[in-house]
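Participant: Got a file for you: input.cif, mmCIF, C-alpha atoms.
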data_protein
loop_
_atom_site.label_atom_id
_atom_site.label_comp_id
_atom_site.auth_asym_id
_atom_site.auth_seq_id
_atom_site.Cartn_x
_atom_site.Cartn_y
_atom_site.Cartn_z
CA ALA Y 923 -68.64 99.04 -94.80
CA GLN Y 924 -69.51 96.06 -96.90
CA THR Y 925 -71.59 96.53 -100.02
CA VAL Y 926 -73.17 94.16 -102.51
CA THR Y 927 -73.90 95.24 -106.06
CA GLN Y 928 -76.07 93.56 -108.65
CA SER Y 929 -75.79 95.52 -111.86
CA GLN Y 930 -78.50 93.73 -113.81
CA PRO Y 931 -81.98 94.83 -112.68
CA GLU Y 932 -83.72 92.54 -115.15
CA MET Y 933 -82.78 89.63 -117.37
CA SER Y 934 -84.58 87.14 -119.51
CA VAL Y 935 -83.59 83.77 -120.90
CA GLN Y 936 -85.21 81.19 -123.10
CA GLU Y 937 -86.27 77.96 -121.51
CA ALA Y 938 -83.47 75.35 -121.54
CA GLU Y 939 -80.82 78.01 -122.12
CA THR Y 940 -78.10 79.15 -119.72
CA VAL Y 941 -78.01 82.50 -117.98
CA THR Y 942 -75.48 84.17 -115.69
CA LEU Y 943 -76.36 86.70 -113.03
CA SER Y 944 -73.66 89.04 -111.80
CA CYS Y 945 -72.78 90.11 -108.28
CA THR Y 946 -69.85 92.08 -106.96
CA TYR Y 947 -69.09 92.97 -103.39
CA ASP Y 948 -66.74 95.11 -101.42
CA THR Y 949 -65.19 94.10 -98.13
CA SER Y 950 -61.94 94.24 -96.26
CA GLU Y 951 -62.72 90.97 -94.50
CA ASN Y 952 -61.04 87.74 -95.46
CA ASN Y 953 -63.48 85.32 -93.91
CA TYR Y 954 -67.04 85.54 -95.16
CA TYR Y 955 -69.86 83.70 -96.84
CA LEU Y 956 -71.72 84.54 -100.02
CA PHE Y 957 -75.20 83.42 -100.99
CA TRP Y 958 -77.68 83.49 -103.80
CA TYR Y 959 -81.32 83.57 -102.78
CA LYS Y 960 -84.37 83.21 -104.98
CA GLN Y 961 -87.57 85.13 -104.26
CA PRO Y 962 -90.43 83.84 -106.45
CA PRO Y 963 -93.75 85.69 -106.77
CA SER Y 964 -94.84 84.04 -103.52
CA ARG Y 965 -92.16 86.24 -101.87
CA GLN Y 966 -90.68 83.31 -99.90
CA MET Y 967 -86.89 83.61 -99.90
CA ILE Y 968 -85.22 80.34 -100.84
CA LEU Y 969 -81.52 79.57 -100.60
CA VAL Y 970 -80.11 78.64 -103.99
CA ILE Y 971 -76.43 78.23 -103.25
CA ARG Y 972 -73.76 79.16 -100.71
CA GLN Y 973 -70.03 79.77 -101.02
CA GLU Y 974 -67.50 79.96 -98.22
CA ALA Y 975 -64.74 82.44 -99.02
CA TYR Y 976 -62.00 80.13 -97.79
CA LYS Y 977 -62.98 77.49 -100.32
CA GLN Y 978 -61.37 77.84 -103.71
CA GLN Y 979 -63.71 75.38 -105.37
CA ASN Y 980 -66.83 76.91 -106.83
CA ALA Y 981 -70.08 75.70 -105.27
CA THR Y 982 -72.52 73.72 -107.37
CA GLU Y 983 -76.10 72.66 -106.72
CA ASN Y 984 -77.63 70.72 -109.59
CA ARG Y 985 -78.34 73.27 -112.36
CA PHE Y 986 -76.95 76.14 -110.31
CA SER Y 987 -73.26 76.97 -110.05
CA VAL Y 988 -71.21 79.97 -109.08
CA ASN Y 989 -68.07 81.58 -110.38
CA PHE Y 990 -66.35 82.89 -107.28
CA GLN Y 991 -63.43 85.21 -107.98
CA LYS Y 992 -62.17 86.27 -104.56
CA ALA Y 993 -59.49 88.65 -105.76
CA ALA Y 994 -61.94 90.39 -108.06
CA LYS Y 995 -64.70 90.24 -105.40
CA SER Y 996 -67.06 88.75 -107.90
CA PHE Y 997 -69.69 86.09 -107.30
CA SER Y 998 -71.81 85.25 -110.33
CA LEU Y 999 -74.59 82.67 -110.54
CA LYS Y 1000 -74.99 80.44 -113.57
CA ILE Y 1001 -78.31 78.74 -114.16
CA SER Y 1002 -78.14 75.94 -116.70
CA ASP Y 1003 -81.10 74.41 -118.53
CA SER Y 1004 -83.35 77.23 -117.35
CA GLN Y 1005 -86.87 76.25 -116.37
CA LEU Y 1006 -90.05 78.29 -116.15
CA GLY Y 1007 -90.00 77.79 -112.40
CA ASP Y 1008 -86.71 79.67 -112.22
CA THR Y 1009 -88.60 82.90 -112.90
CA ALA Y 1010 -88.02 84.99 -109.78
CA MET Y 1011 -86.02 87.76 -108.18
CA TYR Y 1012 -82.50 86.65 -107.35
CA PHE Y 1013 -80.59 88.28 -104.53
CA CYS Y 1014 -76.90 88.04 -103.83
CA ALA Y 1015 -76.05 88.23 -100.13
CA PHE Y 1016 -72.93 88.64 -98.02
CA MET Y 1017 -72.28 87.58 -94.45
CA SER Y 1018 -69.28 88.40 -92.27
CA PRO Y 1019 -68.18 87.25 -89.84
CA PRO Y 1020 -69.53 83.77 -90.50
CA GLY Y 1021 -72.17 82.80 -87.96
CA THR Y 1022 -73.61 86.27 -87.44
CA TYR Y 1023 -76.33 85.68 -90.04
CA LYS Y 1024 -76.57 89.42 -90.58
CA TYR Y 1025 -76.90 89.46 -94.31
CA ILE Y 1026 -76.22 92.34 -96.64
CA PHE Y 1027 -78.31 91.90 -99.74
CA GLY Y 1028 -77.82 93.24 -103.22
CA THR Y 1029 -80.63 95.04 -105.00
CA GLY Y 1030 -81.70 91.95 -106.88
CA THR Y 1031 -82.03 90.78 -110.47
CA ARG Y 1032 -85.44 89.97 -111.84
CA LEU Y 1033 -85.11 86.90 -114.05
CA LYS Y 1034 -87.80 85.86 -116.46
CA VAL Y 1035 -87.62 82.51 -118.19
CA LEU Y 1036 -89.43 82.54 -121.51
CA ALA Y 1037 -91.26 79.56 -122.94
CA GLY P 240 -85.51 72.39 -94.50
CA ALA P 241 -86.98 74.28 -91.58
CA VAL P 242 -90.22 76.24 -91.78
CA VAL P 243 -90.83 79.78 -90.65
CA SER P 244 -94.33 81.21 -90.71
CA GLN P 245 -95.62 84.75 -90.36
CA HIS P 246 -99.00 86.06 -89.38
CA PRO P 247 -100.75 87.90 -90.78
CA SER P 248 -99.68 87.64 -94.40
CA TRP P 249 -101.10 91.08 -95.04
CA VAL P 250 -102.59 93.82 -92.93
CA ILE P 251 -104.13 97.21 -93.56
CA CYS P 252 -104.35 99.70 -90.74
CA LYS P 253 -105.13 103.31 -90.13
CA SER P 254 -102.44 105.86 -89.48
CA GLY P 255 -101.67 106.18 -85.78
CA THR P 256 -102.60 102.63 -84.84
CA SER P 257 -100.23 99.82 -83.87
CA VAL P 258 -99.81 96.55 -85.69
CA LYS P 259 -98.30 93.32 -84.44
CA ILE P 260 -96.66 90.80 -86.75
CA GLU P 261 -95.84 87.29 -85.54
CA CYS P 262 -92.95 85.15 -86.69
CA ARG P 263 -92.89 81.47 -85.73
CA SER P 264 -90.37 78.72 -86.26
CA LEU P 265 -92.62 75.72 -86.78
CA ASP P 266 -90.23 72.81 -86.54
CA PHE P 267 -87.12 74.14 -84.86
CA GLN P 268 -86.12 76.30 -81.97
CA ALA P 269 -84.67 79.67 -82.80
CA THR P 270 -82.76 81.50 -80.12
CA THR P 271 -82.16 84.21 -82.66
CA MET P 272 -84.48 85.57 -85.29
CA PHE P 273 -84.05 88.45 -87.68
CA TRP P 274 -86.43 91.06 -89.01
CA TYR P 275 -86.00 92.54 -92.46
CA ARG P 276 -87.85 95.20 -94.35
CA GLN P 277 -88.29 95.18 -98.10
CA PHE P 278 -89.56 98.17 -100.02
CA PRO P 279 -91.26 97.58 -103.37
CA LYS P 280 -88.82 96.38 -105.99
CA GLN P 281 -85.93 96.84 -103.59
CA SER P 282 -83.63 94.74 -101.51
CA LEU P 283 -84.07 93.42 -98.00
CA MET P 284 -82.68 95.61 -95.25
CA LEU P 285 -81.92 94.12 -91.87
CA MET P 286 -83.83 95.95 -89.17
CA ALA P 287 -83.00 94.08 -86.00
CA THR P 288 -81.85 90.88 -84.38
CA SER P 289 -84.34 89.31 -82.01
CA ASN P 290 -82.82 87.37 -79.13
CA GLU P 291 -84.88 84.96 -77.04
CA GLY P 292 -85.14 86.18 -73.48
CA SER P 293 -83.25 89.40 -74.00
CA LYS P 294 -83.51 92.73 -75.73
CA ALA P 295 -83.39 92.99 -79.46
CA THR P 296 -80.47 94.70 -81.13
CA TYR P 297 -81.35 97.22 -83.79
CA GLU P 298 -79.44 98.25 -86.88
CA GLN P 299 -78.33 101.80 -87.27
CA GLY P 300 -81.16 104.09 -88.24
CA VAL P 301 -83.96 101.82 -87.03
CA GLU P 302 -86.11 103.36 -84.30
CA LYS P 303 -86.39 100.85 -81.49
CA ASP P 304 -89.35 102.65 -79.93
CA LYS P 305 -91.25 102.47 -83.18
CA PHE P 306 -90.45 98.87 -84.04
CA LEU P 307 -90.89 96.90 -80.83
CA ILE P 308 -89.55 93.38 -80.90
CA ASN P 309 -90.37 90.68 -78.38
CA HIS P 310 -88.87 87.20 -78.48
CA ALA P 311 -90.70 85.53 -75.63
CA SER P 312 -90.12 81.93 -76.59
CA LEU P 313 -87.81 79.81 -78.72
CA THR P 314 -90.40 79.64 -81.47
CA LEU P 315 -92.02 83.06 -81.49
CA SER P 316 -90.82 86.58 -82.19
CA THR P 317 -93.15 89.51 -82.65
CA LEU P 318 -92.66 92.86 -84.33
CA THR P 319 -95.01 95.66 -83.33
CA VAL P 320 -95.10 98.75 -85.48
CA THR P 321 -96.27 101.46 -83.13
CA SER P 322 -98.14 104.57 -84.23
CA ALA P 323 -97.91 103.45 -87.82
CA HIS P 324 -97.70 105.99 -90.61
CA PRO P 325 -97.95 105.58 -94.38
CA GLU P 326 -94.16 105.60 -94.71
CA ASP P 327 -94.09 102.40 -92.62
CA SER P 328 -95.94 100.61 -95.39
CA SER P 329 -93.65 97.86 -96.54
CA PHE P 330 -93.04 94.14 -96.70
CA TYR P 331 -91.67 92.74 -93.45
CA ILE P 332 -89.80 89.45 -93.48
CA CYS P 333 -88.49 87.46 -90.54
CA SER P 334 -85.99 84.62 -90.46
CA GLY P 335 -84.53 82.05 -88.11
CA VAL P 336 -81.35 80.03 -88.15
CA TRP P 337 -81.33 76.25 -88.06
CA ARG P 338 -78.33 74.04 -88.70
CA ASN P 339 -76.27 76.96 -89.92
CA GLU P 340 -78.79 78.02 -92.52
CA GLN P 341 -81.09 81.00 -92.41
CA PHE P 342 -84.74 80.24 -93.21
CA PHE P 343 -87.09 83.02 -94.13
CA GLY P 344 -90.77 83.51 -93.48
CA PRO P 345 -93.18 84.29 -96.30
CA GLY P 346 -93.41 87.93 -95.28
CA THR P 347 -96.13 90.30 -94.13
CA ARG P 348 -97.34 93.15 -96.29
CA LEU P 349 -98.26 96.17 -94.19
CA THR P 350 -100.28 98.99 -95.70
CA VAL P 351 -100.91 102.05 -93.57
CA LEU P 352 -103.70 104.31 -94.77
#
Can the structure in the file be given as structure tokens, please?
Facilitator:
Amino acid sequence: AQTVTQSQPEMSVQEAETVTLSCTYDTSENNYYLFWYKQPPSRQMILVIRQEAYKQQNATENRFSVNFQKAAKSFSLKISDSQLGDTAMYFCAFMSPPGTYKYIFGTGTRLKVLA
Amino acid sequence: GAVVSQHPSWVICKSGTSVKIECRSLDFQATTMFWYRQFPKQSLMLMATSNEGSKATYEQGVEKDKFLINHASLTLSTLTVTSAHPEDSSFYICSGVWRNEQFFGPGTRLTVL
């Protein structure tokens, strides 16, 4: 069975600094997608970034980038120039096969950006 | 992006009663919707897949007779928690897929007294 592990329950970062959130997963599949979702206090889940396992290039979305290490089954999220609005719970998610949309979520990392 | 709404946003009910939660895709048609459950300070757990015009498929360990799902139209799925008990208190989140991306509703907080 696939599992997703986020080993950092809580993190904090100073505004404008960079922070990296960790995620590891376990699967025997070769074709899958990985995601980072943000859940702010409003509880609305918002997609931050997506990575297809077959792509070697790390995904980037503005201030958000990932470090995808397929062999190590690691998928970390880097947030650059942190902003107060980045304060939220961040969930790593796994989907396989692609197109099923049955996500397996990690336990989340609560990130607090400090002014 | 696409918008998914849920109603109500929160509900309190007495033990033994049934509660219905609605999930609507406001600006897209969703042949498939998903229902998740999130316990306080925990992750989202997939409960079931709601299929328009057919029976829902439930994840292992989820009681289908307790969590009734109806997907009567391309924009509406409902989750009914039957004979609710305090242990059913949780945050319920639905989602729909549009253009290969999953969009989540804002969630419904259920408290069973």
Participant: What residues in chain Y lie within 8 Å of chain P, counting all atoms listed in the file, written as a list of chain:residue names?
Facilitator: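 Every residue meeting the condition is included here: Y:Ser964, Y:Arg965, Y:Gln966, Y:Met967, Y:Ile968, Y:Phe1013, Y:Gly1021, Y:Tyr1023, Y:Lys1024, Y:Tyr1025, Y:Ile1026, Y:Phe1027, Y:Gly1028, Y:Thr1029, Y:Gly1030.
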Participant: Could you tell me how far CA of Ser944 (chain Y) lies from CA of Gly240 (chain P), in Å and to one decimal?
Facilitator: 26.8 Å
Participant: Given the point (-62.9, 90.3, -108.8) in the file's coordinates, find the residues that have an atom at most 12 Å from it, counting only C-alpha atoms, and give them as a ChimeraX atom specification.
Facilitator: /Y:944-949,989-998
Participant: List as a PyMOL selection string the protein and nucleic acid residues near Glu939 (chain Y), meaning an atom at most 12 Å away when all atoms listed in the file are counted, but skip any in the same chain fewer than 3 places from it.
Facilitator: chain Y and resi 934-936+942+985+1000-1006+1008+1034-1037
Participant: Could you pull the residues within 6 Å of Thr319 (chain P), counting all atoms listed in the file, minus those fewer than 2 positions along the same chain, as a count of residues only?
Facilitator: 5
Participant: How many Å lie between CA of Ser264 (chain P) and CA of Phe278 (chain P), rounded to one decimal?
Facilitator: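 Between CA of Ser264 (chain P) and CA of Phe278 (chain P) the gap works out to 23.8 Å.
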Participant: Choose the residue, out of P:Arg276, P:Ser293, P:Pro325, P:Cys333, that has the smallest atom-to-atom separation from Val242 (chain P); count all atoms listed in the file.
Facilitator: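 Of P:Arg276, P:Ser293, P:Pro325, P:Cys333, the one nearest Val242 (chain P) is P:Cys333, counting all atoms listed in the file.
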Participant: When you draw a straight line from CA of Leu1033 (chain Y) to CA of Leu943 (chain Y), how long is it in Å?
Facilitator: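 If I compute the distance from CA of Leu1033 (chain Y) to CA of Leu943 (chain Y), I get 8.8 Å.
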Participant: So which residues fall inside 7 Å of (-79.4, 90.7, -116.1) if we count only C-alpha atoms? Mind giving them as a list in words?
Facilitator: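 Collected hits near the coordinates: Gln930, Pro931, Glu932, Met933, Leu943 and Thr1031 of chain Y.
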Participant: Can you spit out the residues from that selection as a PDB file, keeping the file's coordinate frame, using C-alpha atoms?
Facilitator:
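Saved the output as again_8.pdb:
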ATOM      1  CA  GLN Y 930     -78.500  93.730-113.810  1.00  0.00           C
ATOM      2  CA  PRO Y 931     -81.980  94.830-112.680  1.00  0.00           C
ATOM      3  CA  GLU Y 932     -83.720  92.540-115.150  1.00  0.00           C
ATOM      4  CA  MET Y 933     -82.780  89.630-117.370  1.00  0.00           C
ATOM      5  CA  LEU Y 943     -76.360  86.700-113.030  1.00  0.00           C
ATOM      6  CA  THR Y1031     -82.030  90.780-110.470  1.00  0.00           C
TER       7      THR Y1031
END
Participant: Please provide the set of residues having any atom within 6 Å of Ser316 (chain P), restricted to all atoms listed in the file, with same-chain residues fewer than 6 positions apart removed, written as a PyMOL selection string.
Facilitator: chain P and resi 262+309-310
Participant: For the file shown, report as a list in words the outcome of the PyMOL selection byres ((chain P and resi 313) around 8) at residue level.
Facilitator: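 So the PyMOL selection byres ((chain P and resi 313) around 8), applied here, picks out Gln268, Ala269, Thr270, Glu291, His310, Ala311, Ser312, Thr314 and Leu315 of chain P.
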Participant: Written as a ChimeraX atom specification, which residues does the PyMOL selection byres ((chain Y and resi 973) around 12) give for the file shown?
Facilitator: /Y:953-958,969-972,974-983,987-992,996-999,1014-1017,1020
Participant: Grab all the atoms of region 286-291 of chain P that the file lists, wrap them in a box along x, y and z, add 5 Å per side, and give me centre plus edge lengths in Å (one decimal) as AutoDock Vina command-line options.
Facilitator:
--center_x -83.4 --center_y 90.5 --center_z -83.1 --size_x 13.0 --size_y 21.0 --size_z 22.1
